[in-house]
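Colleague: Before I ask anything, let me first share the structure, which is written out below as structure tokens.
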Amino acid sequence: MSFRKVVRQSKFRHVFGQPVKTEQCYDDIRVSRVTWDSTFCAVNPSFVAIIVEASGGGAFLVLPLHKTGRIDKSYPTVCGHTGPVLDIDWCPHNDHVIASGSEDCTVMVWQIPENGLSQPLTEPVVVLEGHSKRVGIVTWHPTARNVLLSAGCDNVVLIWNVGTAEELYRLEGLHPDLIYSVSWSRDGSRFCTACKDKSVRVIDPRRGTVVAEKERAHEGARPMRAIFLADGKIFTTGFSRMSERQLALWDMVSGTPGVPRDCCGGPFVPHTPTPLQENLEEPMGLQELDSSNGALLPFYDPDTNVVYVCGKGDSSIRYFEITEEPPYIHFLNTFTSKEPQRGMGWMPKRGLDVSKCEIARFYKLHERKCEPIIMTVPRKSDLFQDDLYPDTAGPEAAMEAEEWVAGRTAGPVLVSLRQAYVPPKQRDLKVSRRALLHDGRAPPATVATGATTAPPTPPAAPAPTRLSTPLALGTLGTGTATGGRLEEVLQEVAALRALVAEQGQRIDRLEEQLSRLENGHV
């Protein structure tokens with residue numbers, strides 16, 4: 001007699017959350033009280049940034065991850081805005097560059113010193129002015145270097161080239177009301193928005209057109225949010241007509257994301273949208289959660305297809321697995337604590353501790369502190385868990401801003417976490433304004449965020465190589481580029497071997513001298 005399985009098998013079914021010890025929290029932080037549905041927190045493997053209360057303008061803290069415990073009230077902040085800061089976002093290609101949007105209608109990009117702030121930072125690297133009302137959303141392009149998107153309460157979306165401080169695209173007239181959220185697709189060819197008119201739109205920024213639109217995605221009047229998933233589907237959170245909080249999954253655009261448009265080394269071809277799917281009336285999956293009134297903030301892990309949902313004012317984090325079989329949205333578990341959350345930060349995958357099977361880390365904002373929460377998959381083995389840690393998006397940009405504008409599309413450059421990934425040395429962000437170029441030519445941005453080209457070196461010293469980390473399989477190109485990089489690696493290996501041999505000979509001589517001294521021979 002056979003028994004039918006009633007429990008769905010999933011390696012994430014037993015994921016559990018655990019807050020860190022009190023001494024590992026960030027205490028005595030005055031979290032911002034501004035009435036805006038932002039996360040108020042941004043995290044990367046080097047720093048945690050938190051929007052805080054400030055008099056006479058807007059400010060946010062930037063703390064090195066290791067600086068836990070009580071934070072002194074006199075600790076320096078980033079305080080260049082003249083109005084409250086509404087949103088912040090770390091550059092995915094440089095862990096020392098962060099963008100901020102404010103009520104003063106400006107977007108500012110900041111360079112954080114390697115060891116954190118020792119004095120208040122008031123001068124941004126660049127100020128981007130183009131919105132007529134407050135800027136509530138800033139988000140970096142996932143694969144193109146120096147491309148930044150901003151959305152304001154003027155219902156306008158602007159896309160900037162931070163490396164040249166110029167406006168690339170101005171998208172007006174696509175949103176009749178306030179924009180609640182913006183999310184890039186995995187390859188950065190499109191982004192989706194959630195608007196106050198209850199519509200979710202998929203927009204091609206290079207064409208300035210709406211590729212797909214779902215009206216009344218959620219019937220409720222409260223704020224909703226939408227995020228792109230790795231396979232091109234869209235996950236939304238919102239409210240029903242009866243003010244019950246909802247989750248929904250939509251297949252609004254068919255096609256395969258992440259395929260480069262300039263394959264086989266050919267010239268860039270114009271970007272063409274993939275065909276639309278006809279049935280937009282019903283979501284693939286819809287779940288109702290509860291009747292709380294806090295906006296739901298979704299966080300998505302493309303490597304595991306797990307979505308974490310945090311409600312503002314809630315004291316819990318729910319997580320769901322997205323699969324290809326109905327009902328598509330599978331509830332996994334809930335992490336519950338006593339204190340409500342005012343905001344939430346999300347650590348990129350390359351900043352997690354793979355030796356402890358950590359698959360997510362949140363930075364929960366209380367009224368006066370920031371508390372890290374670690375999500376772990378229980379495993380008995382101490383070996384690297386390949387199924388939990390597939391190759392993930394690294395800090396290397398797949399292309400430059402000019403290539404993206406020309407029509408190229410590429411997925412993120414992946415890195416392996418097997419050997420506890422070490423990022424390359426970060427470069428300073430510099431801005432080359434095109435207005436200052438006097439000749440008629442249009443060279444590419446001279447300096448880019450997280451650039452991989454080495455700075456000029458004196459002729460006597462050998463030039464540093466571009467490779468600071470081991471190469472991951474499948475990340476090298478083909479043709480002459482591969483040959484050049486291979487030549488650099490071979491030269492570096494030969495130099496290191498010569499250095500090791502020289503040091504070995506020196507150690508032998510020192511040991512011989514020590515032996516003579518011990519035997520009484522001078």
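Chain labels follow the order of the structure tokens: the first chain is A, the next B, and so on; residue numbering restarts at 1 in every chain, and ligands are counted from 1 in their shown order.
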Near A:Thr106, within 12 Å and counting only C-alpha atoms, which residues show up once chain neighbours fewer than 5 positions away are dropped, as an NGL selection string?
Modeller: :A and (58 or 80-87 or 99-101 or 124 or 126-138 or 150-153 or 158)
Colleague: Excluding A:Ser181 and its own-chain neighbours fewer than 3 positions away, which residues fall within 7 Å of it when counting only C-alpha atoms? Please give them as a list in words.
Modeller: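 In the requested format, the answer is Thr193, Ala194, Arg225 and Ala226 of chain A.
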Colleague: Can you pull out every residue within 6 Å of stretch 184-191 of chain A, counting only C-alpha atoms, but drop anything in the same chain fewer than 3 positions away, and send it as a ChimeraX atom specification?
Modeller: /A:142,202-204,228,230,258,410-411
Colleague: From the options A:Cys310, A:Ile51, A:Met344, A:Ala401, which residue's atoms come nearest to A:Glu167, counting only C-alpha atoms?
Modeller: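 Using only C-alpha atoms, the shortest distance to A:Glu167 belongs to A:Ala401.
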Colleague: For A:Cys357, find every residue with an atom within 12 Å (counting only C-alpha atoms), except residues of its own chain fewer than 6 positions away, and show them as JSON, numbers by chain.
Modeller: {"A": [11, 12, 15, 16, 17, 349, 374, 375, 376, 377, 378, 379, 380, 381, 382, 383, 384, 385, 386, 387, 388, 389, 417, 418]}
Colleague: Compile a residue-level contact table for stretch 184-248 of chain A against stretch 318-342 of chain A at a cut-off of 12 Å, reporting for every qualifying residue the shortest atom pair and its distance in Å to one decimal, with only C-alpha atoms counted, rows ordered by chain and ascending number, as a tab-separated table.
Modeller:
residue	atom	partner	partner_atom	distance
A:Leu229	CA	A:Ile322	CA	9.3
A:Ala230	CA	A:Ile322	CA	10.5
A:Asp231	CA	A:Glu324	CA	10.3
A:Lys233	CA	A:Ile322	CA	10.2
A:Ile234	CA	A:Ile322	CA	11.0
A:Phe235	CA	A:Ile322	CA	9.5
A:Thr236	CA	A:Ile329	CA	11.6
A:Gln246	CA	A:Ile329	CA	11.8
A:Leu247	CA	A:Ile329	CA	8.7
A:Ala248	CA	A:Ile329	CA	8.2
Colleague: Of the candidates A:Glu288, A:Asp391, A:Asp89, A:Asp27, which one gets nearest to A:Val43 if we count only C-alpha atoms?
Modeller: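 Going through A:Glu288, A:Asp391, A:Asp89, A:Asp27 one by one, the smallest distance to A:Val43 is for A:Asp89.
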Colleague: Out of stretch 28-129 of chain A, which residues get strand (DSSP E or B) from DSSP, as JSON, numbers by chain?
Modeller: {"A": [31, 41, 42, 43, 47, 48, 49, 50, 51, 52, 58, 59, 60, 61, 62, 63, 64, 69, 70, 78, 79, 80, 81, 85, 86, 87, 88, 89, 90, 97, 98, 99, 100, 101, 102, 106, 107, 108, 109, 110, 111, 121, 126, 127, 128, 129]}
Colleague: Just checking: using only C-alpha atoms, which residue out of A:Thr122, A:Asn44, A:Ser55, A:Asn115 ends up closest to A:Val78?
Modeller: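 For A:Val78, the nearest of the given residues is A:Thr122.
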Colleague: For atom CA of A:Glu512 and atom CA of A:Val500, quote the distance in Å rounded to one decimal.
Modeller: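 Those two atoms sit 18.5 Å apart.
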Colleague: Write out as a PyMOL selection string the residues lying within 7 Å of A:Gln24, counting only C-alpha atoms and excluding same-chain residues fewer than 2 positions away.
Modeller: chain A and resi 20-22+26+68-69
Colleague: Find the residue from A:Leu168, A:Arg516, A:Val62, A:Trp36 that sits nearest to A:Glu103; use only C-alpha atoms when measuring.
Modeller: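 Checking each candidate against A:Glu103, we get A:Trp36 as the closest.
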